[in-house]
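Below is the file run-v1.cif, which contains mmCIF, C-alpha atoms and all ligand atoms.
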data_work
#
loop_
_atom_site.group_PDB
_atom_site.id
_atom_site.type_symbol
_atom_site.label_atom_id
_atom_site.label_comp_id
_atom_site.auth_asym_id
_atom_site.auth_seq_id
_atom_site.Cartn_x
_atom_site.Cartn_y
_atom_site.Cartn_z
ATOM 1 C CA MET A 1083 74.285 190.085 92.990
ATOM 2 C CA LEU A 1084 74.476 192.678 95.751
ATOM 3 C CA CYS A 1085 73.525 196.251 95.099
ATOM 4 C CA ILE A 1086 75.837 198.990 96.393
ATOM 5 C CA SER A 1087 76.088 202.701 95.666
ATOM 6 C CA VAL A 1088 79.253 204.058 94.061
ATOM 7 C CA LYS A 1089 79.692 206.320 97.086
ATOM 8 C CA ASP A 1090 79.575 203.411 99.560
ATOM 9 C CA LEU A 1091 81.991 201.389 97.487
ATOM 10 C CA LEU A 1092 84.458 204.287 97.259
ATOM 11 C CA CYS A 1093 84.218 204.719 101.045
ATOM 12 C CA TRP A 1094 84.858 201.015 101.528
ATOM 13 C CA LYS A 1095 87.922 201.208 99.265
ATOM 14 C CA LYS A 1096 89.282 204.158 101.219
ATOM 15 C CA LYS A 1097 88.805 202.302 104.505
ATOM 16 C CA GLN A 1098 90.627 199.203 103.207
ATOM 17 C CA LEU A 1099 93.565 201.224 101.890
ATOM 18 C CA SER A 1100 93.865 203.082 105.198
ATOM 19 C CA LYS A 1101 94.800 199.705 106.744
ATOM 20 C CA GLY A 1102 97.631 199.145 104.230
ATOM 21 C CA GLY A 1103 98.275 197.560 100.851
ATOM 22 C CA ASP A 1104 98.171 199.226 97.456
ATOM 23 C CA THR A 1105 95.463 200.440 95.092
ATOM 24 C CA GLN A 1106 96.338 198.010 92.308
ATOM 25 C CA THR A 1107 96.051 194.948 94.547
ATOM 26 C CA LEU A 1108 92.731 196.114 95.963
ATOM 27 C CA ALA A 1109 91.480 196.735 92.417
ATOM 28 C CA PHE A 1110 92.472 193.147 91.546
ATOM 29 C CA LEU A 1111 90.411 191.835 94.470
ATOM 30 C CA LEU A 1112 87.380 193.966 93.566
ATOM 31 C CA GLU A 1113 87.505 192.844 89.958
ATOM 32 C CA SER A 1114 88.316 189.157 90.345
ATOM 33 C CA ILE A 1115 86.022 188.357 93.287
ATOM 34 C CA GLY A 1116 83.686 191.357 93.413
ATOM 35 C CA GLY A 1117 83.159 191.551 89.651
ATOM 36 C CA ILE A 1118 83.667 195.342 89.477
ATOM 37 C CA SER A 1119 86.616 196.565 87.458
ATOM 38 C CA ASN A 1120 88.548 199.720 88.224
ATOM 39 C CA SER A 1121 87.493 201.236 84.913
ATOM 40 C CA ASP A 1122 83.809 200.550 85.754
ATOM 41 C CA LEU A 1123 84.226 202.202 89.117
ATOM 42 C CA ASN A 1124 86.050 205.216 87.653
ATOM 43 C CA PHE A 1125 83.435 205.566 84.939
ATOM 44 C CA HIS A 1126 80.562 205.590 87.452
ATOM 45 C CA SER A 1127 82.314 207.738 90.055
ATOM 46 C CA ILE A 1128 80.922 210.932 88.450
ATOM 47 C CA ASN A 1129 77.548 209.843 89.786
ATOM 48 C CA PRO A 1130 78.091 208.654 93.384
ATOM 49 C CA LYS A 1131 74.403 207.814 93.902
ATOM 50 C CA GLU A 1132 74.398 205.315 91.075
ATOM 51 C CA ASN A 1133 74.257 201.630 92.010
ATOM 52 C CA LEU A 1134 76.770 198.944 91.133
ATOM 53 C CA TYR A 1135 76.414 195.169 91.529
ATOM 54 C CA LEU A 1136 78.848 193.080 93.517
ATOM 55 C CA LYS A 1137 79.232 189.316 93.140
ATOM 56 C CA LYS A 1138 80.275 188.879 96.803
ATOM 57 C CA ASN A 1139 79.472 190.967 99.835
ATOM 58 C CA LEU A 1140 81.878 193.526 101.258
ATOM 59 C CA GLU A 1141 82.473 191.522 104.455
ATOM 60 C CA PHE A 1142 83.791 188.636 102.386
ATOM 61 C CA LEU A 1143 86.024 190.909 100.292
ATOM 62 C CA GLU A 1144 87.279 192.582 103.461
ATOM 63 C CA SER A 1145 88.175 189.210 105.017
ATOM 64 C CA ILE A 1146 90.359 188.414 101.984
ATOM 65 C CA TRP A 1147 91.937 191.859 102.129
ATOM 66 C CA ASN A 1148 92.707 191.398 105.841
ATOM 67 C CA GLN A 1149 94.345 188.029 105.166
ATOM 68 C CA HIS A 1150 96.473 189.637 102.472
ATOM 69 C CA LEU A 1151 97.578 192.395 104.845
ATOM 70 C CA LEU A 1152 98.149 190.040 107.757
ATOM 71 C CA ASN A 1153 100.497 187.510 106.177
ATOM 72 C CA SER A 1154 101.496 189.071 102.800
ATOM 73 C CA CYS A 1155 99.910 186.226 100.848
ATOM 74 C CA PRO A 1156 99.736 187.279 97.164
ATOM 75 C CA ILE A 1157 96.203 188.380 96.314
ATOM 76 C CA GLN A 1158 96.181 186.039 93.288
ATOM 77 C CA TYR A 1159 96.480 182.995 95.580
ATOM 78 C CA LEU A 1160 93.779 184.311 97.913
ATOM 79 C CA CYS A 1161 91.441 184.950 94.983
ATOM 80 C CA GLY A 1162 92.525 181.725 93.255
ATOM 81 C CA ILE A 1163 93.023 183.401 89.886
ATOM 82 C CA THR A 1164 95.376 185.550 87.859
ATOM 83 C CA PHE A 1165 95.261 187.345 84.532
ATOM 84 C CA TRP A 1166 98.071 186.731 82.054
ATOM 85 C CA ARG A 1167 98.062 187.996 78.458
ATOM 86 C CA ASP A 1168 94.398 187.521 77.550
ATOM 87 C CA LEU A 1169 93.972 184.474 79.787
ATOM 88 C CA LYS A 1170 92.209 184.092 83.103
ATOM 89 C CA LEU A 1171 94.014 181.309 84.946
ATOM 90 C CA GLU A 1172 93.409 179.412 88.152
ATOM 91 C CA VAL A 1173 96.369 179.550 90.526
ATOM 92 C CA THR A 1174 97.088 177.844 93.833
ATOM 93 C CA THR A 1175 100.282 177.766 95.885
ATOM 94 C CA LYS A 1176 101.254 174.677 93.855
ATOM 95 C CA VAL A 1177 102.062 176.911 90.871
ATOM 96 C CA LEU A 1178 104.093 180.043 90.344
ATOM 97 C CA ILE A 1179 101.968 183.113 89.607
ATOM 98 C CA PRO A 1180 102.912 183.736 85.958
ATOM 99 C CA ARG A 1181 104.751 187.069 85.729
ATOM 100 C CA PRO A 1182 104.002 189.930 83.315
ATOM 101 C CA GLU A 1183 107.574 189.872 81.970
ATOM 102 C CA THR A 1184 107.139 186.215 80.956
ATOM 103 C CA GLU A 1185 104.325 187.290 78.597
ATOM 104 C CA LEU A 1186 107.066 188.363 76.160
ATOM 105 C CA ILE A 1187 108.246 184.778 75.673
ATOM 106 C CA VAL A 1188 105.112 184.193 73.601
ATOM 107 C CA ASP A 1189 105.929 187.243 71.450
ATOM 108 C CA ILE A 1190 109.413 185.821 70.813
ATOM 109 C CA VAL A 1191 107.762 182.701 69.368
ATOM 110 C CA PHE A 1192 105.464 184.956 67.271
ATOM 111 C CA ASP A 1193 108.539 186.762 65.903
ATOM 112 C CA ILE A 1194 110.184 183.509 64.844
ATOM 113 C CA PHE A 1195 107.098 181.714 63.508
ATOM 114 C CA ARG A 1196 105.072 184.441 61.833
ATOM 115 C CA ASN A 1197 102.561 182.196 60.077
ATOM 116 C CA LYS A 1198 99.870 181.349 62.633
ATOM 117 C CA SER A 1199 98.544 178.504 60.490
ATOM 118 C CA GLU A 1200 101.899 176.751 60.760
ATOM 119 C CA LYS A 1201 101.776 173.160 62.026
ATOM 120 C CA LEU A 1202 104.271 173.790 64.798
ATOM 121 C CA PHE A 1203 105.335 171.140 67.227
ATOM 122 C CA PHE A 1204 106.245 172.916 70.452
ATOM 123 C CA ALA A 1205 107.381 171.758 73.883
ATOM 124 C CA GLU A 1206 107.278 173.672 77.117
ATOM 125 C CA LEU A 1207 109.441 172.480 79.992
ATOM 126 C CA GLY A 1208 108.174 173.394 83.464
ATOM 127 C CA THR A 1209 104.698 174.571 82.529
ATOM 128 C CA GLY A 1210 103.378 175.477 86.034
ATOM 129 C CA SER A 1211 99.918 177.008 85.544
ATOM 130 C CA GLY A 1212 100.156 176.174 81.812
ATOM 131 C CA ALA A 1213 100.144 179.868 80.839
ATOM 132 C CA ILE A 1214 102.777 179.775 78.054
ATOM 133 C CA SER A 1215 101.602 176.542 76.425
ATOM 134 C CA ILE A 1216 97.934 177.503 76.538
ATOM 135 C CA ALA A 1217 98.711 180.879 74.915
ATOM 136 C CA LEU A 1218 100.741 179.156 72.174
ATOM 137 C CA GLY A 1219 98.150 176.447 71.587
ATOM 138 C CA LEU A 1220 95.484 179.124 71.113
ATOM 139 C CA ALA A 1221 97.632 181.338 68.893
ATOM 140 C CA TYR A 1222 98.676 178.459 66.604
ATOM 141 C CA PRO A 1223 95.474 176.436 66.197
ATOM 142 C CA PHE A 1224 97.150 173.859 63.935
ATOM 143 C CA SER A 1225 100.041 173.286 66.306
ATOM 144 C CA GLU A 1226 100.662 170.324 68.577
ATOM 145 C CA GLY A 1227 102.142 171.054 71.972
ATOM 146 C CA VAL A 1228 103.554 169.038 74.830
ATOM 147 C CA ALA A 1229 104.150 170.516 78.264
ATOM 148 C CA THR A 1230 106.022 168.942 81.170
ATOM 149 C CA ASP A 1231 106.355 169.588 84.865
ATOM 150 C CA ILE A 1232 107.937 167.688 87.753
ATOM 151 C CA ASP A 1233 104.940 168.464 89.948
ATOM 152 C CA ARG A 1234 101.747 166.476 89.413
ATOM 153 C CA ASP A 1235 99.606 169.017 91.292
ATOM 154 C CA ALA A 1236 100.868 171.798 89.031
ATOM 155 C CA LEU A 1237 99.994 169.729 85.951
ATOM 156 C CA GLU A 1238 96.479 169.205 87.254
ATOM 157 C CA ILE A 1239 96.037 172.980 87.444
ATOM 158 C CA ALA A 1240 97.592 173.474 84.007
ATOM 159 C CA ASN A 1241 95.208 170.918 82.549
ATOM 160 C CA LYS A 1242 92.200 172.589 84.218
ATOM 161 C CA ASN A 1243 93.322 175.967 82.864
ATOM 162 C CA TYR A 1244 93.681 174.493 79.399
ATOM 163 C CA ILE A 1245 90.166 173.022 79.473
ATOM 164 C CA ASN A 1246 88.745 176.348 80.710
ATOM 165 C CA SER A 1247 90.600 178.449 78.120
ATOM 166 C CA SER A 1248 90.459 176.380 74.977
ATOM 167 C CA LYS A 1249 88.074 174.192 73.039
ATOM 168 C CA GLN A 1250 91.005 172.598 71.236
ATOM 169 C CA SER A 1251 92.845 169.399 72.047
ATOM 170 C CA ASN A 1252 96.283 170.284 70.695
ATOM 171 C CA LEU A 1253 98.135 170.325 74.023
ATOM 172 C CA LYS A 1254 99.180 167.378 76.179
ATOM 173 C CA PHE A 1255 100.732 167.385 79.638
ATOM 174 C CA TYR A 1256 103.435 165.044 80.920
ATOM 175 C CA CYS A 1257 104.917 164.618 84.375
ATOM 176 C CA GLY A 1258 108.668 164.198 84.835
ATOM 177 C CA ASN A 1259 112.113 165.719 84.915
ATOM 178 C CA TRP A 1260 112.614 168.270 82.074
ATOM 179 C CA TRP A 1261 112.984 166.323 78.796
ATOM 180 C CA SER A 1262 112.598 162.820 80.209
ATOM 181 C CA PRO A 1263 108.824 162.409 79.625
ATOM 182 C CA LEU A 1264 109.387 163.449 75.987
ATOM 183 C CA GLU A 1265 111.626 160.555 74.850
ATOM 184 C CA ARG A 1266 109.159 159.601 72.093
ATOM 185 C CA PHE A 1267 109.393 163.110 70.590
ATOM 186 C CA LYS A 1268 113.178 163.075 70.079
ATOM 187 C CA GLY A 1269 114.205 165.039 66.990
ATOM 188 C CA LYS A 1270 110.637 166.258 66.356
ATOM 189 C CA ILE A 1271 110.374 169.566 68.214
ATOM 190 C CA ASP A 1272 110.312 172.845 66.242
ATOM 191 C CA VAL A 1273 110.565 175.050 69.296
ATOM 192 C CA ALA A 1274 111.123 174.385 72.988
ATOM 193 C CA ILE A 1275 110.329 177.046 75.556
ATOM 194 C CA SER A 1276 111.180 177.131 79.232
ATOM 195 C CA ASN A 1277 110.996 179.509 82.143
ATOM 196 C CA PRO A 1278 112.844 177.220 84.536
ATOM 197 C CA PRO A 1279 113.697 177.868 88.199
ATOM 198 C CA TYR A 1280 116.772 180.134 87.976
ATOM 199 C CA ILE A 1281 117.134 181.925 91.314
ATOM 200 C CA PRO A 1282 120.599 181.353 92.844
ATOM 201 C CA GLN A 1283 120.685 179.835 96.351
ATOM 202 C CA GLU A 1284 121.840 183.010 98.135
ATOM 203 C CA THR A 1285 119.299 185.201 96.326
ATOM 204 C CA TYR A 1286 116.542 182.735 97.154
ATOM 205 C CA LYS A 1287 117.248 183.137 100.874
ATOM 206 C CA LYS A 1288 116.674 186.895 100.557
ATOM 207 C CA LEU A 1289 113.475 186.809 98.478
ATOM 208 C CA PRO A 1290 110.577 188.897 99.817
ATOM 209 C CA LYS A 1291 108.261 186.937 102.095
ATOM 210 C CA GLU A 1292 105.295 187.209 99.730
ATOM 211 C CA VAL A 1293 107.335 185.135 97.270
ATOM 212 C CA LYS A 1294 109.356 182.866 99.567
ATOM 213 C CA ASN A 1295 106.532 181.957 101.955
ATOM 214 C CA PHE A 1296 103.952 181.178 99.292
ATOM 215 C CA GLU A 1297 105.345 180.383 95.852
ATOM 216 C CA PRO A 1298 106.703 176.849 95.305
ATOM 217 C CA LYS A 1299 110.422 176.527 96.003
ATOM 218 C CA VAL A 1300 110.676 173.980 93.179
ATOM 219 C CA ALA A 1301 109.507 176.707 90.774
ATOM 220 C CA LEU A 1302 112.142 179.224 91.867
ATOM 221 C CA LEU A 1303 115.387 177.701 93.080
ATOM 222 C CA GLY A 1304 117.989 177.058 90.401
ATOM 223 C CA GLY A 1305 120.750 175.539 92.546
ATOM 224 C CA GLU A 1306 123.825 177.284 93.833
ATOM 225 C CA ASP A 1307 124.465 179.548 90.815
ATOM 226 C CA GLY A 1308 120.876 179.511 89.526
ATOM 227 C CA LEU A 1309 121.926 177.742 86.313
ATOM 228 C CA LYS A 1310 121.514 174.105 87.362
ATOM 229 C CA HIS A 1311 118.271 173.542 85.418
ATOM 230 C CA ILE A 1312 119.181 175.790 82.482
ATOM 231 C CA ARG A 1313 122.387 173.749 82.006
ATOM 232 C CA GLU A 1314 120.465 170.466 81.957
ATOM 233 C CA ILE A 1315 117.828 171.800 79.563
ATOM 234 C CA ILE A 1316 120.446 173.157 77.123
ATOM 235 C CA GLN A 1317 122.641 170.027 77.207
ATOM 236 C CA LYS A 1318 119.768 167.702 76.314
ATOM 237 C CA ALA A 1319 117.973 170.028 73.887
ATOM 238 C CA PRO A 1320 119.945 168.887 70.785
ATOM 239 C CA PHE A 1321 118.474 165.366 71.125
ATOM 240 C CA PHE A 1322 114.914 166.634 71.102
ATOM 241 C CA LEU A 1323 114.942 169.581 68.708
ATOM 242 C CA LYS A 1324 114.541 169.183 64.970
ATOM 243 C CA ASP A 1325 117.458 170.290 62.852
ATOM 244 C CA LYS A 1326 117.240 174.127 63.032
ATOM 245 C CA GLY A 1327 114.789 173.922 65.937
ATOM 246 C CA TRP A 1328 114.698 176.778 68.447
ATOM 247 C CA LEU A 1329 115.280 176.901 72.181
ATOM 248 C CA ILE A 1330 113.841 179.885 74.070
ATOM 249 C CA LEU A 1331 114.785 180.326 77.716
ATOM 250 C CA GLU A 1332 113.884 182.830 80.379
ATOM 251 C CA ASN A 1333 116.718 183.595 82.792
ATOM 252 C CA HIS A 1334 117.575 185.770 85.789
ATOM 253 C CA PHE A 1335 118.427 189.431 85.056
ATOM 254 C CA ASP A 1336 122.200 188.830 85.039
ATOM 255 C CA GLN A 1337 122.425 185.348 83.493
ATOM 256 C CA GLY A 1338 122.036 186.211 79.785
ATOM 257 C CA GLU A 1339 125.745 186.121 78.937
ATOM 258 C CA LYS A 1340 126.321 182.823 80.785
ATOM 259 C CA VAL A 1341 123.315 181.209 79.108
ATOM 260 C CA LYS A 1342 124.648 182.448 75.766
ATOM 261 C CA GLN A 1343 127.995 180.739 76.452
ATOM 262 C CA LEU A 1344 126.197 177.492 77.346
ATOM 263 C CA LEU A 1345 124.306 177.644 74.063
ATOM 264 C CA ILE A 1346 127.533 178.263 72.117
ATOM 265 C CA LYS A 1347 129.196 175.317 73.901
ATOM 266 C CA ASN A 1348 126.311 173.090 72.847
ATOM 267 C CA LYS A 1349 126.584 174.120 69.176
ATOM 268 C CA PHE A 1350 123.588 176.459 68.974
ATOM 269 C CA THR A 1351 123.630 179.265 66.396
ATOM 270 C CA LEU A 1352 121.798 182.590 65.912
ATOM 271 C CA ILE A 1353 122.048 183.157 69.668
ATOM 272 C CA GLU A 1354 120.441 186.310 70.967
ATOM 273 C CA ILE A 1355 119.774 187.844 74.357
ATOM 274 C CA VAL A 1356 116.315 189.408 74.244
ATOM 275 C CA LYS A 1357 115.462 192.288 76.562
ATOM 276 C CA ASP A 1358 112.215 192.650 78.495
ATOM 277 C CA PHE A 1359 110.276 195.938 78.795
ATOM 278 C CA SER A 1360 112.613 197.112 81.569
ATOM 279 C CA GLY A 1361 115.625 196.678 79.307
ATOM 280 C CA ILE A 1362 116.801 193.547 81.163
ATOM 281 C CA GLY A 1363 118.287 190.667 79.139
ATOM 282 C CA ARG A 1364 115.507 188.359 80.342
ATOM 283 C CA PHE A 1365 115.503 185.744 77.558
ATOM 284 C CA THR A 1366 118.219 183.881 75.696
ATOM 285 C CA ILE A 1367 117.380 182.138 72.470
ATOM 286 C CA GLY A 1368 119.244 179.991 69.982
ATOM 287 C CA ARG A 1369 118.791 177.665 67.032
ATOM 288 C CA TYR A 1370 120.206 174.171 66.974
ATOM 289 C CA LYS A 1371 122.555 174.255 63.942
HETATM 290 C C1 LIG B 1 109.554 179.386 87.100
HETATM 291 S S1 LIG B 1 108.279 178.167 87.088
HETATM 292 C C2 LIG B 1 107.548 178.515 85.524
HETATM 293 C C3 LIG B 1 106.096 178.188 85.450
HETATM 294 C C4 LIG B 1 105.411 178.700 84.170
HETATM 295 N N1 LIG B 1 105.995 178.131 82.982
HETATM 296 C C5 LIG B 1 105.501 180.220 84.100
HETATM 297 O O1 LIG B 1 106.267 180.736 83.281
HETATM 298 O O2 LIG B 1 104.809 180.872 84.872
HETATM 299 C C6 LIG B 1 109.213 176.696 86.802
HETATM 300 C C7 LIG B 1 108.383 175.410 86.686
HETATM 301 O O3 LIG B 1 109.309 174.335 86.480
HETATM 302 C C8 LIG B 1 108.877 173.207 87.214
HETATM 303 N N2 LIG B 1 110.050 172.361 87.480
HETATM 304 C C9 LIG B 1 110.987 172.503 88.459
HETATM 305 N N3 LIG B 1 111.915 171.535 88.379
HETATM 306 C C10 LIG B 1 111.556 170.763 87.327
HETATM 307 C C11 LIG B 1 112.122 169.593 86.729
HETATM 308 N N4 LIG B 1 113.240 169.041 87.213
HETATM 309 N N5 LIG B 1 111.501 169.076 85.651
HETATM 310 C C12 LIG B 1 110.363 169.627 85.159
HETATM 311 N N6 LIG B 1 109.780 170.723 85.679
HETATM 312 C C13 LIG B 1 110.362 171.278 86.748
HETATM 313 C C14 LIG B 1 108.245 173.792 88.467
HETATM 314 O O4 LIG B 1 107.368 172.863 89.068
HETATM 315 C C15 LIG B 1 107.569 175.043 87.918
HETATM 316 O O5 LIG B 1 106.244 174.776 87.547
#

Conversion result in structure tokens:
Amino acid sequence: MLCISVKDLLCWKKKQLSKGGDTQTLAFLLESIGGISNSDLNFHSINPKENLYLKKNLEFLESIWNQHLLNSCPIQYLCGITFWRDLKLEVTTKVLIPRPETELIVDIVFDIFRNKSEKLFFAELGTGSGAISIALGLAYPFSEGVATDIDRDALEIANKNYINSSKQSNLKFYCGNWWSPLERFKGKIDVAISNPPYIPQETYKKLPKEVKNFEPKVALLGGEDGLKHIREIIQKAPFFLKDKGWLILENHFDQGEKVKQLLIKNKFTLIEIVKDFSGIGRFTIGRYK
């Protein structure tokens, strides 16, 4: 631990921000690598002579900050971690940084299955860092979950995150294309969740460089109209869901109505477009018969 006065740390912060970047990102760096949260710093700022304790020296933190400013690499990748719901997750450029709006997908499951002691059998398709499945496995301790991804490196990270976040063993990871590793679970799934790649080709080309240059293309690109993977997931879902099982999908801001039509075409009922905190129809859900 390295001792530093509040005054010196505030000066250091000011110097870093004068080079560029934003306060929130710098606060993330200070907390995740330095071990000093913004609220700690604010609390102690009334007494600038007081000492705080840093986990890493300021030169090291500054080198990360400079890298972030130089090539726009997301701070979460440079720090190797992110915070999502109440989880602290490892992230590398092999996995998408789980987004705050995706946190709501877990609340949708909570709304449908209100009894947390329920013995749910859930499946997540395209688990990435494992965020959604780990949160569900923890919230429903008697559940069994299976999570798939096409990318073996992503699954390795998801598995590590699971081991670090949970003492349970109610979640298993499988590698393969959407439903295909789950053949043995046909007709057994109570709820399937997916935040698949849904960015249309043309939109992908125009994504900001901090996304396009660092986050995995396989996690973002959804084919020409963005719906390639959503279509496949919906078409095969009836074989895997239990009778009256639920499918919960995240989609792009303007895809809700099209996803709804796909669900209708595939005989889903109780279809609903669920809005995120910005009022965007971010999720589309339905029940199989
Ligand atoms: C948008 S990311 C979502 C990651 C994570 N569930 C989240 O919400 O942060 C989509 C994930 O789907 C995976 N994926 C892409 N194509 C796939 C396929 N054909 N089969 C299975 N997973 C796939 C990607 O590797 C990526 O991890």

Residues at most 8 Å from ligand LIG 1 (chain B), using only C-alpha atoms and all ligand atoms? Could they come as a PyMOL selection string? chain A and resi 1176-1181+1184+1206-1214+1230-1233+1236+1257-1261+1276-1280+1298+1300-1302+1311

As an exercise, work out the distance from atom CA of A:Asp1358 to atom CA of A:Leu1186 in Å and give it to one decimal place. 7.1 Å

Written as a PyMOL selection string, which residues does the PyMOL selection byres (((chain A and resi 1103) around 10) and not hetatm) give for the file shown? chain A and resi 1098-1102+1104-1108+1147-1148+1150-1151+1154

Explicit residue set for the PyMOL selection byres (((chain A and resi 1087) around 9) and not hetatm), as a list in words: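 Selected by the PyMOL selection byres (((chain A and resi 1087) around 9) and not hetatm) here: Cys1085, Ile1086, Val1088, Lys1089, Asp1090, Leu1091, Leu1092, Pro1130, Lys1131, Glu1132, Asn1133, Leu1134 and Tyr1135 of chain A.
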
Skip A:Val1173 itself and residues of its chain fewer than 5 positions away, then list as a PyMOL selection string all residues within 12 Å of it, counting only C-alpha atoms. chain A and resi 1156-1166+1178-1180+1210-1213+1235-1243+1296-1298

Going by the chain IDs and residue numbers used in this file, which residues fall under the PyMOL selection byres (((chain A and resi 1345-1353) around 9) and not hetatm)? Write them as a VMD selection string. chain A and resid 1316 to 1317 1319 to 1320 1326 1328 to 1329 1340 to 1344 1354 to 1355 1366 to 1371

Interatomic distance, atom CA of A:Ala1274 to atom CA of A:Ile1315 (Å, one decimal): 9.7 Å

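Between A:Lys1138 and the candidates A:Glu1113, A:Phe1267, A:Gly1219, A:Leu1123, the tightest atom-to-atom separation, counting all atoms listed in the file, involves A:Glu1113.
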
Could you jot down the atom CA of A:Ile1146 to atom CA of A:Ile1115 separation for me, Å, one decimal place?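 That distance, rounded to one decimal, is 9.7 Å.
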
Can you sort out the box for stretch 1203-1217 of chain A, edges along x, y and z, all listed atoms in, 5 Å on every side, with centre and edge lengths in Å to one decimal, as lines of an AutoDock Vina configuration file?
center_x = 103.7
center_y = 176.0
center_z = 76.6
size_x = 21.5
size_y = 19.7
size_z = 28.8

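Proximity ranking of A:Val1273, A:Val1356, A:Ile1362, A:Leu1140 relative to A:Ile1194 places A:Val1273 first, based on only C-alpha atoms.
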
Show me, as an MDAnalysis selection string, the residues that have an atom within 6 Å of A:Gly1269 when counting only C-alpha atoms, minus same-chain residues fewer than 4 positions from it. chainID A and resid 1321:1324

Take the residues from that selection and put them in a file with C-alpha atoms, as a PDB file, in the coordinates of the input.
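Result saved to selection-v7.pdb:
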ATOM      1  CA  PHE A1321     118.474 165.366  71.125  1.00  0.00           C
ATOM      2  CA  PHE A1322     114.914 166.634  71.102  1.00  0.00           C
ATOM      3  CA  LEU A1323     114.942 169.581  68.708  1.00  0.00           C
ATOM      4  CA  LYS A1324     114.541 169.183  64.970  1.00  0.00           C
TER       5      LYS A1324
END

Contact residues around A:Phe1204 with all atoms listed in the file at 10 Å, ignoring same-chain residues under 2 positions, as a ChimeraX atom specification: /A:1191,1201-1202,1206,1215,1218-1219,1225-1229,1253,1270-1275,1323,1327-1328

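When all atoms listed in the file are used to measure the gap to A:Asn1333, the shortest distance among A:Ile1216, A:Leu1112, A:Leu1264, A:Ile1187 belongs to A:Ile1187.
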